[in-house]
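Next comes start27.cif, a file with mmCIF, C-alpha atoms and all ligand atoms.
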```cif
data_run
#
loop_
_atom_site.label_atom_id
_atom_site.label_comp_id
_atom_site.auth_asym_id
_atom_site.auth_seq_id
_atom_site.Cartn_x
_atom_site.Cartn_y
_atom_site.Cartn_z
CA MET A 210 -5.32 -35.08 7.18
CA THR A 211 -5.87 -31.42 8.08
CA ILE A 212 -7.77 -29.17 5.72
CA PRO A 213 -7.59 -25.42 6.14
CA PHE A 214 -10.66 -23.31 5.51
CA VAL A 215 -8.74 -21.31 2.90
CA ASP A 216 -5.21 -21.67 1.58
CA LEU A 217 -3.92 -18.61 -0.26
CA LYS A 218 -0.37 -19.85 -0.63
CA ALA A 219 -0.93 -21.63 -3.96
CA GLN A 220 -2.54 -18.49 -5.43
CA THR A 221 0.40 -16.41 -4.27
CA ASP A 222 2.88 -18.89 -5.77
CA GLU A 223 1.21 -18.63 -9.20
CA ILE A 224 1.74 -14.88 -9.46
CA LYS A 225 4.81 -14.37 -7.29
CA THR A 226 7.46 -14.04 -10.00
CA GLY A 227 5.40 -11.56 -11.99
CA VAL A 228 4.58 -9.54 -8.88
CA PHE A 229 8.26 -9.34 -7.84
CA ASP A 230 9.09 -7.98 -11.33
CA ASP A 231 6.31 -5.42 -11.06
CA PHE A 232 7.42 -4.38 -7.57
CA GLY A 233 10.95 -3.92 -8.91
CA HIS A 234 9.71 -1.56 -11.62
CA LEU A 235 7.61 0.33 -9.09
CA LEU A 236 10.58 0.77 -6.76
CA HIS A 237 12.47 2.15 -9.74
CA ARG A 238 9.70 4.63 -10.61
CA SER A 239 8.85 5.28 -6.94
CA ASP A 240 5.35 6.59 -7.72
CA PHE A 241 3.93 5.00 -4.59
CA VAL A 242 0.52 6.66 -4.39
CA LEU A 243 -2.07 6.19 -7.18
CA GLY A 244 -0.06 6.54 -10.40
CA HIS A 245 0.13 4.30 -13.43
CA ALA A 246 -0.44 0.94 -11.69
CA VAL A 247 -3.72 2.03 -10.07
CA GLU A 248 -5.02 3.58 -13.30
CA ARG A 249 -4.19 0.46 -15.24
CA PHE A 250 -5.92 -1.84 -12.77
CA GLU A 251 -8.97 0.44 -12.64
CA ALA A 252 -9.28 0.29 -16.44
CA SER A 253 -8.90 -3.51 -16.42
CA PHE A 254 -11.41 -4.07 -13.63
CA ALA A 255 -13.94 -1.68 -15.23
CA GLN A 256 -13.70 -3.72 -18.39
CA TYR A 257 -13.95 -7.00 -16.46
CA THR A 258 -17.16 -5.90 -14.75
CA GLY A 259 -18.66 -4.42 -17.90
CA CYS A 260 -18.62 -0.88 -16.48
CA LEU A 261 -17.36 2.40 -17.88
CA HIS A 262 -15.62 3.35 -14.62
CA CYS A 263 -13.79 1.84 -11.69
CA VAL A 264 -12.29 3.78 -8.79
CA GLY A 265 -9.84 1.98 -6.50
CA VAL A 266 -10.23 2.67 -2.78
CA ALA A 267 -8.74 1.44 0.50
CA SER A 268 -11.27 -1.30 1.39
CA GLY A 269 -14.66 -2.80 0.67
CA LEU A 270 -16.12 -0.82 3.55
CA ASP A 271 -14.84 2.42 2.02
CA ALA A 272 -16.13 1.40 -1.41
CA LEU A 273 -19.64 1.14 0.08
CA ARG A 274 -19.26 4.32 2.14
CA LEU A 275 -17.92 6.44 -0.70
CA ALA A 276 -20.57 5.12 -3.12
CA LEU A 277 -23.26 6.14 -0.61
CA ARG A 278 -21.63 9.56 -0.12
CA ALA A 279 -21.30 10.11 -3.87
CA LEU A 280 -24.99 9.34 -4.35
CA GLY A 281 -25.83 11.94 -1.71
CA ILE A 282 -26.96 9.58 1.05
CA GLY A 283 -26.58 11.01 4.55
CA PRO A 284 -28.31 11.96 7.80
CA GLY A 285 -32.10 11.61 7.76
CA ASP A 286 -32.04 9.04 4.95
CA GLU A 287 -32.96 5.38 5.26
CA VAL A 288 -31.11 2.68 3.38
CA VAL A 289 -32.52 -0.83 3.09
CA THR A 290 -30.18 -3.81 3.26
CA VAL A 291 -30.06 -7.28 4.82
CA SER A 292 -29.10 -8.38 8.33
CA HIS A 293 -27.63 -11.64 7.02
CA THR A 294 -24.32 -10.15 5.81
CA PHE A 295 -20.88 -9.12 6.99
CA ILE A 296 -21.22 -6.13 9.30
CA ALA A 297 -19.42 -3.79 6.86
CA THR A 298 -22.55 -3.54 4.69
CA VAL A 299 -24.47 -1.99 7.58
CA LEU A 300 -21.55 -0.02 9.03
CA ALA A 301 -21.18 1.80 5.71
CA ILE A 302 -24.78 3.00 5.97
CA SER A 303 -24.64 4.12 9.59
CA SER A 304 -21.22 5.72 9.18
CA VAL A 305 -22.51 8.19 6.56
CA GLY A 306 -25.22 9.15 9.08
CA ALA A 307 -28.09 7.27 7.40
CA ARG A 308 -30.34 4.75 9.14
CA PRO A 309 -30.00 1.09 8.15
CA VAL A 310 -33.33 -0.71 7.64
CA LEU A 311 -32.71 -4.46 7.71
CA VAL A 312 -34.87 -6.91 5.82
CA ASP A 313 -35.00 -10.68 5.63
CA VAL A 314 -33.38 -12.96 3.06
CA ASP A 315 -34.76 -15.59 0.74
CA PRO A 316 -34.50 -19.04 2.42
CA ALA A 317 -33.19 -20.75 -0.73
CA TYR A 318 -30.59 -18.26 -1.97
CA TYR A 319 -29.71 -16.32 1.21
CA THR A 320 -29.92 -12.96 -0.57
CA MET A 321 -32.38 -10.05 -0.11
CA ASP A 322 -36.03 -11.10 -0.29
CA PRO A 323 -37.48 -8.70 -2.91
CA SER A 324 -40.95 -8.88 -1.34
CA ALA A 325 -39.53 -7.88 2.07
CA LEU A 326 -37.91 -4.86 0.40
CA ALA A 327 -41.26 -3.51 -0.81
CA GLY A 328 -42.63 -3.67 2.75
CA ALA A 329 -39.71 -1.73 4.24
CA LEU A 330 -39.91 1.44 2.16
CA THR A 331 -40.88 4.78 3.70
CA SER A 332 -40.81 8.37 2.48
CA ARG A 333 -37.27 8.61 3.91
CA THR A 334 -35.88 5.61 1.97
CA LYS A 335 -33.15 6.79 -0.41
CA ALA A 336 -31.26 3.66 -1.38
CA VAL A 337 -31.14 -0.13 -1.38
CA VAL A 338 -27.99 -2.21 -0.88
CA PRO A 339 -28.48 -5.84 -1.97
CA VAL A 340 -25.59 -8.17 -1.10
CA HIS A 341 -24.37 -10.83 -3.53
CA LEU A 342 -23.75 -13.24 -0.68
CA TYR A 343 -21.39 -16.24 -0.85
CA GLY A 344 -20.67 -15.54 -4.55
CA GLN A 345 -24.24 -15.55 -5.86
CA CYS A 346 -26.04 -12.42 -7.04
CA ALA A 347 -29.14 -11.15 -5.30
CA ASP A 348 -32.35 -11.31 -7.35
CA MET A 349 -31.66 -7.92 -8.89
CA ASP A 350 -34.47 -7.47 -11.43
CA PRO A 351 -37.37 -7.32 -8.94
CA ILE A 352 -35.21 -5.25 -6.56
CA LEU A 353 -34.35 -2.78 -9.34
CA GLU A 354 -37.99 -2.63 -10.43
CA THR A 355 -39.16 -1.73 -6.91
CA ALA A 356 -36.34 0.79 -6.50
CA ARG A 357 -36.87 2.45 -9.91
CA ALA A 358 -40.59 2.86 -9.23
CA LYS A 359 -39.72 4.85 -6.08
CA GLY A 360 -36.68 6.70 -7.47
CA LEU A 361 -34.23 4.95 -5.12
CA HIS A 362 -30.54 4.38 -5.70
CA VAL A 363 -29.29 0.80 -5.76
CA ILE A 364 -25.73 -0.09 -4.73
CA GLU A 365 -24.55 -3.68 -5.07
CA ASP A 366 -22.43 -5.08 -2.27
CA ALA A 367 -20.32 -7.24 -4.59
CA ALA A 368 -17.55 -7.90 -2.03
CA GLN A 369 -18.05 -11.67 -2.39
CA ALA A 370 -18.97 -11.81 -6.06
CA HIS A 371 -16.03 -10.94 -8.36
CA GLY A 372 -16.87 -12.66 -11.65
CA ALA A 373 -20.45 -13.63 -10.76
CA HIS A 374 -23.19 -13.05 -13.33
CA TYR A 375 -26.93 -12.41 -13.17
CA ARG A 376 -29.07 -12.93 -16.29
CA GLY A 377 -25.99 -12.55 -18.48
CA ARG A 378 -24.74 -9.35 -16.82
CA PRO A 379 -21.64 -9.21 -14.58
CA ALA A 380 -21.88 -8.41 -10.86
CA GLY A 381 -20.76 -4.80 -10.53
CA SER A 382 -22.73 -3.63 -13.57
CA LEU A 383 -26.23 -4.39 -12.30
CA ALA A 384 -27.16 -1.14 -10.52
CA ASP A 385 -26.12 2.52 -9.99
CA ALA A 386 -22.80 1.54 -8.44
CA ALA A 387 -21.15 -1.52 -6.89
CA ALA A 388 -18.67 -2.01 -4.08
CA PHE A 389 -15.93 -4.64 -4.23
CA SER A 390 -13.49 -5.72 -1.52
CA PHE A 391 -10.02 -7.08 -2.28
CA TYR A 392 -9.44 -8.44 1.23
CA PRO A 393 -6.99 -11.37 0.79
CA GLY A 394 -9.55 -14.17 1.13
CA LYS A 395 -12.04 -12.77 -1.42
CA ASN A 396 -12.25 -14.31 -4.91
CA LEU A 397 -9.99 -11.47 -6.06
CA GLY A 398 -7.77 -10.63 -3.11
CA ALA A 399 -4.75 -8.38 -2.59
CA PHE A 400 -1.76 -8.85 -0.25
CA GLY A 401 -3.61 -6.66 2.24
CA ASP A 402 -6.65 -4.40 2.18
CA GLY A 403 -8.16 -2.88 -0.93
CA GLY A 404 -11.48 -2.12 -2.59
CA ALA A 405 -13.12 -0.53 -5.62
CA VAL A 406 -16.34 1.05 -6.79
CA THR A 407 -17.57 0.25 -10.28
CA CYS A 408 -20.24 2.27 -12.09
CA SER A 409 -21.12 3.61 -15.49
CA THR A 410 -21.99 7.21 -14.56
CA ALA A 411 -19.15 9.67 -15.09
CA ASP A 412 -20.42 12.03 -12.36
CA VAL A 413 -20.50 9.36 -9.68
CA ALA A 414 -17.06 8.03 -10.65
CA SER A 415 -15.60 11.51 -10.63
CA THR A 416 -17.07 12.30 -7.18
CA ILE A 417 -15.68 9.05 -5.76
CA SER A 418 -12.22 9.71 -7.18
CA LYS A 419 -12.27 13.10 -5.47
CA LEU A 420 -13.66 11.74 -2.20
CA ARG A 421 -10.92 9.11 -1.92
CA ASN A 422 -8.18 11.71 -2.49
CA TYR A 423 -8.86 14.62 -0.09
CA GLY A 424 -11.60 16.00 -2.32
CA ALA A 425 -9.09 17.01 -4.98
CA ARG A 426 -8.64 16.12 -8.61
CA ILE A 427 -5.82 18.63 -8.96
CA LYS A 428 -3.36 18.71 -6.07
CA TYR A 429 -4.25 21.33 -3.41
CA ASN A 430 -7.50 22.22 -5.18
CA HIS A 431 -10.05 20.75 -2.76
CA GLU A 432 -13.47 20.86 -4.40
CA ILE A 433 -15.21 18.80 -1.70
CA GLN A 434 -14.43 17.53 1.81
CA GLY A 435 -12.83 14.24 0.97
CA GLU A 436 -10.83 11.62 2.80
CA ASN A 437 -7.74 9.50 2.32
CA SER A 438 -8.96 6.19 0.91
CA ARG A 439 -6.84 5.26 -2.08
CA LEU A 440 -6.19 1.79 -3.45
CA ASP A 441 -2.56 1.13 -2.54
CA THR A 442 -0.28 1.09 -5.58
CA LEU A 443 1.53 -2.14 -4.59
CA GLN A 444 -1.86 -3.82 -4.16
CA ALA A 445 -2.95 -2.64 -7.61
CA LEU A 446 0.03 -4.53 -9.08
CA VAL A 447 -0.96 -7.70 -7.22
CA LEU A 448 -4.59 -7.36 -8.30
CA GLN A 449 -3.58 -6.81 -11.93
CA ARG A 450 -1.70 -10.13 -11.92
CA LYS A 451 -4.52 -11.96 -10.13
CA LEU A 452 -7.24 -10.55 -12.39
CA ASP A 453 -5.74 -12.49 -15.31
CA ARG A 454 -6.38 -15.68 -13.35
CA LEU A 455 -9.73 -14.84 -11.78
CA ASP A 456 -11.95 -16.67 -14.28
CA CYS A 457 -9.77 -19.76 -14.07
CA TRP A 458 -9.81 -19.67 -10.26
CA ASN A 459 -13.59 -19.15 -10.25
CA ARG A 460 -13.99 -22.18 -12.53
CA ALA A 461 -11.96 -24.20 -10.02
CA ARG A 462 -14.27 -23.02 -7.19
CA ILE A 463 -17.32 -24.02 -9.26
CA ALA A 464 -15.79 -27.46 -9.92
CA ALA A 465 -15.07 -27.89 -6.20
CA ALA A 466 -18.69 -26.97 -5.41
CA ARG A 467 -19.93 -29.49 -7.98
CA LEU A 468 -17.83 -32.22 -6.39
CA TYR A 469 -19.10 -31.38 -2.89
CA ARG A 470 -22.64 -31.46 -4.25
CA ASP A 471 -22.07 -34.86 -5.82
CA LEU A 472 -20.51 -36.37 -2.73
CA LEU A 473 -23.05 -34.96 -0.27
CA LYS A 474 -26.28 -35.25 -2.25
CA ASP A 475 -27.42 -38.55 -0.72
CA ILE A 476 -26.98 -37.37 2.88
CA SER A 477 -30.53 -36.37 3.72
CA GLU A 478 -29.45 -34.43 6.83
CA VAL A 479 -27.42 -32.01 4.69
CA MET A 480 -29.16 -29.21 2.81
CA LEU A 481 -27.01 -28.10 -0.12
CA PRO A 482 -26.80 -24.54 -1.48
CA GLU A 483 -29.05 -23.71 -4.44
CA ASP A 484 -27.83 -22.11 -7.66
CA ARG A 485 -30.11 -19.65 -9.40
CA SER A 486 -30.85 -21.03 -12.85
CA ASP A 487 -30.30 -17.61 -14.46
CA ALA A 488 -27.02 -16.71 -12.76
CA LEU A 489 -23.40 -17.73 -12.36
CA HIS A 490 -22.50 -18.50 -8.74
CA VAL A 491 -18.74 -18.12 -8.14
CA TYR A 492 -18.68 -19.90 -4.78
CA HIS A 493 -16.79 -17.50 -2.57
CA LEU A 494 -18.21 -19.83 0.10
CA PHE A 495 -19.85 -23.25 0.02
CA VAL A 496 -22.51 -23.13 2.73
CA ILE A 497 -24.59 -26.09 3.84
CA GLN A 498 -27.41 -26.25 6.38
CA VAL A 499 -27.80 -28.94 9.06
CA ASP A 500 -29.88 -29.30 12.24
CA CYS A 501 -27.02 -30.15 14.57
CA ARG A 502 -24.65 -27.52 13.23
CA ASP A 503 -22.52 -26.93 16.33
CA ALA A 504 -21.93 -30.67 16.82
CA LEU A 505 -20.92 -31.13 13.17
CA HIS A 506 -18.67 -28.06 13.35
CA ALA A 507 -16.90 -29.50 16.45
CA TYR A 508 -16.65 -33.00 14.95
CA LEU A 509 -15.07 -31.71 11.73
CA GLN A 510 -12.64 -29.58 13.75
CA GLU A 511 -11.62 -32.65 15.75
CA LYS A 512 -11.01 -34.56 12.50
CA GLY A 513 -8.81 -31.77 11.12
CA VAL A 514 -11.37 -30.01 8.89
CA GLN A 515 -11.62 -26.30 9.48
CA THR A 516 -15.09 -24.89 8.88
CA MET A 517 -16.61 -21.47 9.63
CA ILE A 518 -19.98 -19.81 10.13
CA HIS A 519 -20.94 -16.89 7.89
CA TYR A 520 -22.35 -15.34 9.95
CA PRO A 521 -23.00 -16.61 13.48
CA VAL A 522 -24.76 -13.48 14.75
CA PRO A 523 -26.92 -11.37 12.40
CA VAL A 524 -26.14 -7.66 12.37
CA HIS A 525 -29.33 -6.69 14.20
CA MET A 526 -28.32 -8.97 17.11
CA GLN A 527 -24.79 -7.55 17.43
CA PRO A 528 -24.01 -5.39 20.48
CA ALA A 529 -22.88 -2.64 18.08
CA TYR A 530 -26.48 -2.29 16.81
CA GLU A 531 -28.26 -2.75 20.12
CA GLY A 532 -30.23 0.45 19.78
CA LEU A 533 -31.27 -0.09 16.15
CA GLN A 534 -35.04 0.04 15.64
CA LEU A 535 -36.17 -2.81 13.45
CA THR A 536 -38.70 -1.52 10.96
CA GLY A 537 -37.97 -3.78 8.03
CA GLY A 538 -40.39 -6.56 9.00
CA SER A 539 -39.72 -10.08 10.24
CA LEU A 540 -36.15 -11.40 10.25
CA ALA A 541 -37.23 -14.98 10.96
CA VAL A 542 -35.31 -16.55 8.06
CA THR A 543 -32.11 -14.70 9.06
CA GLU A 544 -32.46 -15.72 12.72
CA LYS A 545 -33.05 -19.36 11.84
CA LEU A 546 -30.27 -19.55 9.23
CA CYS A 547 -27.55 -18.43 11.62
CA THR A 548 -28.18 -21.49 13.78
CA ARG A 549 -27.97 -23.95 10.84
CA ILE A 550 -25.36 -22.75 8.34
CA LEU A 551 -21.83 -24.08 8.03
CA SER A 552 -19.22 -23.01 5.46
CA LEU A 553 -17.03 -25.86 4.19
CA PRO A 554 -13.44 -25.35 3.00
CA ILE A 555 -13.34 -23.98 -0.56
CA PHE A 556 -10.60 -22.22 -2.51
CA PRO A 557 -9.36 -22.50 -6.10
CA HIS A 558 -6.51 -24.90 -5.32
CA ILE A 559 -8.44 -27.25 -3.04
CA LYS A 560 -7.70 -30.85 -4.05
CA ARG A 561 -10.15 -33.60 -4.93
CA GLU A 562 -8.80 -35.71 -2.02
CA GLN A 563 -9.40 -32.85 0.39
CA ILE A 564 -13.03 -32.49 -0.70
CA GLU A 565 -13.48 -36.26 -0.52
CA TYR A 566 -12.07 -36.28 3.01
CA VAL A 567 -14.47 -33.50 4.09
CA ALA A 568 -17.42 -35.39 2.57
CA ASP A 569 -16.35 -38.70 4.13
CA THR A 570 -16.00 -37.04 7.51
CA ILE A 571 -19.49 -35.54 7.24
CA ARG A 572 -20.79 -38.97 6.25
CA ALA A 573 -19.07 -40.53 9.27
CA PHE A 574 -20.66 -37.91 11.56
CA PHE A 575 -24.11 -38.95 10.37
CA ARG A 576 -23.01 -42.63 10.63
CA ILE A 577 -23.82 -43.51 7.03
C1 LIG A 601 -15.60 -8.43 2.95
C2 LIG A 601 -16.92 -7.77 2.87
C3 LIG A 601 -17.08 -6.37 3.01
C4 LIG A 601 -15.98 -5.46 3.49
O1 LIG A 601 -14.81 -5.48 2.80
P1 LIG A 601 -13.44 -5.00 3.51
O2 LIG A 601 -12.51 -4.93 2.38
O3 LIG A 601 -13.10 -6.02 4.53
O4 LIG A 601 -13.72 -3.66 4.12
C5 LIG A 601 -18.33 -5.84 2.78
N1 LIG A 601 -19.39 -6.60 2.50
C6 LIG A 601 -19.29 -7.94 2.40
C7 LIG A 601 -20.51 -8.73 2.05
C8 LIG A 601 -18.06 -8.57 2.60
O5 LIG A 601 -17.98 -9.91 2.53
#
```

With the file now loaded, output its structure as structure tokens.
Ligand SMILES: *Cc1c(COP(=O)(O)O)cnc(C)c1O
Amino acid sequence: MTIPFVDLKAQTDEIKTGVFDDFGHLLHRSDFVLGHAVERFEASFAQYTGCLHCVGVASGLDALRLALRALGIGPGDEVVTVSHTFIATVLAISSVGARPVLVDVDPAYYTMDPSALAGALTSRTKAVVPVHLYGQCADMDPILETARAKGLHVIEDAAQAHGAHYRGRPAGSLADAAAFSFYPGKNLGAFGDGGAVTCSTADVASTISKLRNYGARIKYNHEIQGENSRLDTLQALVLQRKLDRLDCWNRARIAAARLYRDLLKDISEVMLPEDRSDALHVYHLFVIQVDCRDALHAYLQEKGVQTMIHYPVPVHMQPAYEGLQLTGGSLAVTEKLCTRILSLPIFPHIKREQIEYVADTIRAFFRI
């Protein structure tokens, strides 16, 4: 048996007929940039995330960047985030001219350690970007409390958390603004790149819609120096179709995670992911920890099971951030995690037999 890390084909098949119809109508209308389809998806996704506004942009990276720009973050400012994340989180901060300050993560949940945040603040800190990693929300209440006390903006990196909840509130509605990615492999993924910012402040939404469209609300009336970062209209049609299925697909991910948990729980060498009791984890990834990670990774590969490491090198150890001064305190948890984590195959259409095969193969590796 061979088990891919993700298989998007079954998702595509579910929506294909509807998407072809929608593409046909779009070709007929030929309004290829923004237009009705983007507006409709923005309204639907705002409602889905419990926000008043959603602005579609070109990628998750741009969603973060434009949210930072709209909140006035720029050169001379410090923005606190984590090193245990995809590099885009940090690139967004440095690309607007601000300085990323990287803090450690909680060893149980892998998201920003709220106590590390408090220790990283200076008079130059302007914003905090917690990441809802692997599909589980960061511990937002203590983060928001610290940020509010200092007048800081908070932007959620929700690129892995479409449909996740924290204390009854949806990811995307927990702070001043949130950035989503619609990269194909995300819980809500397009047929290419895409992203969105959600928020409930009209000013911020309006600035982002100008920023993504050359700084103009009315054609050729450029109020600010914007850029070209619009959610592609064809992608909006795909996302609209997939949004209808997102909760169902997330439930399938949660069921897959439950089965993994059940089948792996008696293997003492395997540390399973922990769910916050007050949150809904939507399992973008199912990440275990083991001592002999590289050997297990190679063994599974040899037996046809594709696994991945998210992420093998923390951002502060990447060549791209060689010169970055580390002023956010110890990153010991981050540095240890990256040697022990392994992401197992998970996607909405993964089959029971596939999960059983992965679990059996892990069991065989540990000779039990
Ligand atoms: C995918 C991802 C991004 C970037 O999204 P793109 O659409 O690829 O630009 C940002 N942050 C996190 C945590 C991600 O997983």

Within 6 Å of Val406 of chain A using only C-alpha atoms, minus same-chain residues under 2 positions, as a ChimeraX atom specification: /A:263-264,272,387-388

Residues around (-22.7, -18.1, 12.5), cut-off 12 Å, counting only C-alpha atoms - what are they as number ranges by chain? A: 293-295, 496-498, 502-503, 506, 516-524, 526-527, 543-552

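Across the model, the gap from atom CA of Thr407 of chain A to atom CA of Lys419 of chain A is 14.7 Å.
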
Residues within 10 Å of ligand LIG 601 (chain A), counting all atoms listed in the file, as a ChimeraX atom specification: /A:266-274,293-301,339-344,365-370,388-395,398-399,401-405,493,519

Preceding selection exported with C-alpha atoms as a PDB file, keeping the file's coordinate frame:
```
ATOM      1  CA  VAL A 266     -10.230   2.670  -2.780  1.00  0.00           C
ATOM      2  CA  ALA A 267      -8.740   1.440   0.500  1.00  0.00           C
ATOM      3  CA  SER A 268     -11.270  -1.300   1.390  1.00  0.00           C
ATOM      4  CA  GLY A 269     -14.660  -2.800   0.670  1.00  0.00           C
ATOM      5  CA  LEU A 270     -16.120  -0.820   3.550  1.00  0.00           C
ATOM      6  CA  ASP A 271     -14.840   2.420   2.020  1.00  0.00           C
ATOM      7  CA  ALA A 272     -16.130   1.400  -1.410  1.00  0.00           C
ATOM      8  CA  LEU A 273     -19.640   1.140   0.080  1.00  0.00           C
ATOM      9  CA  ARG A 274     -19.260   4.320   2.140  1.00  0.00           C
ATOM     10  CA  HIS A 293     -27.630 -11.640   7.020  1.00  0.00           C
ATOM     11  CA  THR A 294     -24.320 -10.150   5.810  1.00  0.00           C
ATOM     12  CA  PHE A 295     -20.880  -9.120   6.990  1.00  0.00           C
ATOM     13  CA  ILE A 296     -21.220  -6.130   9.300  1.00  0.00           C
ATOM     14  CA  ALA A 297     -19.420  -3.790   6.860  1.00  0.00           C
ATOM     15  CA  THR A 298     -22.550  -3.540   4.690  1.00  0.00           C
ATOM     16  CA  VAL A 299     -24.470  -1.990   7.580  1.00  0.00           C
ATOM     17  CA  LEU A 300     -21.550  -0.020   9.030  1.00  0.00           C
ATOM     18  CA  ALA A 301     -21.180   1.800   5.710  1.00  0.00           C
ATOM     19  CA  PRO A 339     -28.480  -5.840  -1.970  1.00  0.00           C
ATOM     20  CA  VAL A 340     -25.590  -8.170  -1.100  1.00  0.00           C
ATOM     21  CA  HIS A 341     -24.370 -10.830  -3.530  1.00  0.00           C
ATOM     22  CA  LEU A 342     -23.750 -13.240  -0.680  1.00  0.00           C
ATOM     23  CA  TYR A 343     -21.390 -16.240  -0.850  1.00  0.00           C
ATOM     24  CA  GLY A 344     -20.670 -15.540  -4.550  1.00  0.00           C
ATOM     25  CA  GLU A 365     -24.550  -3.680  -5.070  1.00  0.00           C
ATOM     26  CA  ASP A 366     -22.430  -5.080  -2.270  1.00  0.00           C
ATOM     27  CA  ALA A 367     -20.320  -7.240  -4.590  1.00  0.00           C
ATOM     28  CA  ALA A 368     -17.550  -7.900  -2.030  1.00  0.00           C
ATOM     29  CA  GLN A 369     -18.050 -11.670  -2.390  1.00  0.00           C
ATOM     30  CA  ALA A 370     -18.970 -11.810  -6.060  1.00  0.00           C
ATOM     31  CA  ALA A 388     -18.670  -2.010  -4.080  1.00  0.00           C
ATOM     32  CA  PHE A 389     -15.930  -4.640  -4.230  1.00  0.00           C
ATOM     33  CA  SER A 390     -13.490  -5.720  -1.520  1.00  0.00           C
ATOM     34  CA  PHE A 391     -10.020  -7.080  -2.280  1.00  0.00           C
ATOM     35  CA  TYR A 392      -9.440  -8.440   1.230  1.00  0.00           C
ATOM     36  CA  PRO A 393      -6.990 -11.370   0.790  1.00  0.00           C
ATOM     37  CA  GLY A 394      -9.550 -14.170   1.130  1.00  0.00           C
ATOM     38  CA  LYS A 395     -12.040 -12.770  -1.420  1.00  0.00           C
ATOM     39  CA  GLY A 398      -7.770 -10.630  -3.110  1.00  0.00           C
ATOM     40  CA  ALA A 399      -4.750  -8.380  -2.590  1.00  0.00           C
ATOM     41  CA  GLY A 401      -3.610  -6.660   2.240  1.00  0.00           C
ATOM     42  CA  ASP A 402      -6.650  -4.400   2.180  1.00  0.00           C
ATOM     43  CA  GLY A 403      -8.160  -2.880  -0.930  1.00  0.00           C
ATOM     44  CA  GLY A 404     -11.480  -2.120  -2.590  1.00  0.00           C
ATOM     45  CA  ALA A 405     -13.120  -0.530  -5.620  1.00  0.00           C
ATOM     46  CA  HIS A 493     -16.790 -17.500  -2.570  1.00  0.00           C
ATOM     47  CA  HIS A 519     -20.940 -16.890   7.890  1.00  0.00           C
TER      48      HIS A 519
END
```

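Among the candidate residues A:Ile564, A:Asp484, A:Val338, A:Ala279, the one lying nearest to Thr410 of chain A is A:Ala279, with distances computed using all atoms listed in the file.
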